[in-house]
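K.L.:
First the structure, then my questions, so here it is.
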Number of protein chains: 2
Amino acid sequence: MNKEIEKLLFNPIRLKTISFLMTVETCTFKALLDVTASSKGNLSIQIKKLNEAGLVKIEKYFQKSYPTTDYSITEKGKTSFEDFFNQLQSLKNE
Amino acid sequence: MNKEIEKLLFNPIRLKTISFLMTVETCTFKALLDVTASSKGNLSIQIKKLNEAGLVKIEKYFQKSYPTTDYSITEKGKTSFEDFFNQLQSLKNE
DNA sequence: TAAACTAGTTTATTTTATAAACCAAATTAA
DNA sequence: TTAATTTGGTTTATAAAATAAACTAGTTTA
């Protein structure tokens, strides 16, 4: 895992987001708001960073003329999360 | 564990510092520099924050007229580290 | 006695996190 | 039917944090 991604996941909101996305197919913005206990603005930015790094997929579409967004984790997101946790684990058992 | 301490440990340099201090009685600034791969200025500030939060003890004394500093973890530091890890663990297994 | 090393601290700057304000469409309520 | 509320966000302004660079001070080595 590269340093950029480690740094990215070393943030509660982003880690909780990725962690939650590991457990679901897709989810709504609202679900992530609940999970992270973040403000909307902050969450929006943190999701965008995860998306720009290729860890999270954002799909916008219209559900009977109403705009909806689905958030999901990418393959890169999955392996990054696993790697991050393994690295943390090594800090625990020295 | 309170939110302040969780936030404090959600930083690579500080977590690595605490993690390393769990494994030794005391250590030098140099040792922490190596462990964290940080710059001196940054490390100095991060240690100070850990100290102000009561997780790390800083002892300055003279070793034959030469000023020396010993860094060590406090009881609060130990439990905070354990608690932090347990909380992280719960993110992994949902 | 000048250069280099150890052991840091202080300061200035960049980056990041956060909250607040804003926007637009849809729904509900009067 | 129009005003208030809710959903689902984004943008922007500000506060906090991270970082590097510069500085300090004493020691050892050449």
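Chain lettering (A, B, ...) mirrors the order of the structure tokens, residue numbering begins at 1 for each chain separately, and ligand numbering begins at 1 in order of display.
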Restrict the distance test to only C-alpha atoms (C1' of nucleotides), flag each residue of chain A within 8 Å of chain C, and return the flagged residues as number ranges by chain.
P.N.:
A: 39, 41-42, 66
K.L.:
Quick check: residues of chain D within 8 Å of chain A, only C-alpha atoms (C1' of nucleotides), returned as a list in words.
P.N.:
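On the chain D side, the interface is DG8, DG9 and DT10 of chain D.
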K.L.:
Output N, CA, C and O atoms (P, O5', C5', C4', C3', O3' and C1' of nucleotides) of each residue in that selection to a file, as a PDB file, in the first residue's frame.
P.N.:
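New file out.pdb:
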ATOM      1  P    DG D   8     -32.545  11.197   0.445  1.00  0.00           P
ATOM      2  O5'  DG D   8     -31.514  12.165  -0.264  1.00  0.00           O
ATOM      3  C5'  DG D   8     -31.656  12.477  -1.642  1.00  0.00           C
ATOM      4  C4'  DG D   8     -30.564  13.434  -2.036  1.00  0.00           C
ATOM      5  C3'  DG D   8     -29.160  13.026  -1.559  1.00  0.00           C
ATOM      6  O3'  DG D   8     -28.239  13.141  -2.626  1.00  0.00           O
ATOM      7  C1'  DG D   8     -29.577  15.238  -1.033  1.00  0.00           C
ATOM      8  P    DG D   9     -26.919  12.223  -2.595  1.00  0.00           P
ATOM      9  O5'  DG D   9     -26.072  12.968  -1.472  1.00  0.00           O
ATOM     10  C5'  DG D   9     -24.968  13.796  -1.709  1.00  0.00           C
ATOM     11  C4'  DG D   9     -25.346  15.147  -2.308  1.00  0.00           C
ATOM     12  C3'  DG D   9     -24.161  16.089  -2.399  1.00  0.00           C
ATOM     13  O3'  DG D   9     -23.517  15.884  -3.642  1.00  0.00           O
ATOM     14  C1'  DG D   9     -26.149  17.220  -1.684  1.00  0.00           C
ATOM     15  P    DT D  10     -22.002  16.302  -3.798  1.00  0.00           P
ATOM     16  O5'  DT D  10     -22.092  17.881  -3.914  1.00  0.00           O
ATOM     17  C5'  DT D  10     -22.780  18.485  -5.013  1.00  0.00           C
ATOM     18  C4'  DT D  10     -22.516  19.986  -4.990  1.00  0.00           C
ATOM     19  C3'  DT D  10     -21.033  20.365  -4.989  1.00  0.00           C
ATOM     20  O3'  DT D  10     -20.861  21.420  -5.935  1.00  0.00           O
ATOM     21  C1'  DT D  10     -22.096  21.329  -3.110  1.00  0.00           C
TER      22       DT D  10
END
K.L.:
Enumerate, as number ranges by chain, the complete set of residues in chain A that a backbone-based DSSP assignment places in strand (DSSP E).
P.N.:
A: 56-63, 66-73
K.L.:
Which residues of chain A are close to chain B, meaning at most 8 Å apart when you count only C-alpha atoms, and how do they look as a count of residues only?
P.N.:
12
K.L.:
As number ranges by chain, which residues of chain B does DSSP assign to alpha helix (DSSP H)?
P.N.:
B: 3-9, 12-21, 29-36, 40-52, 75-92
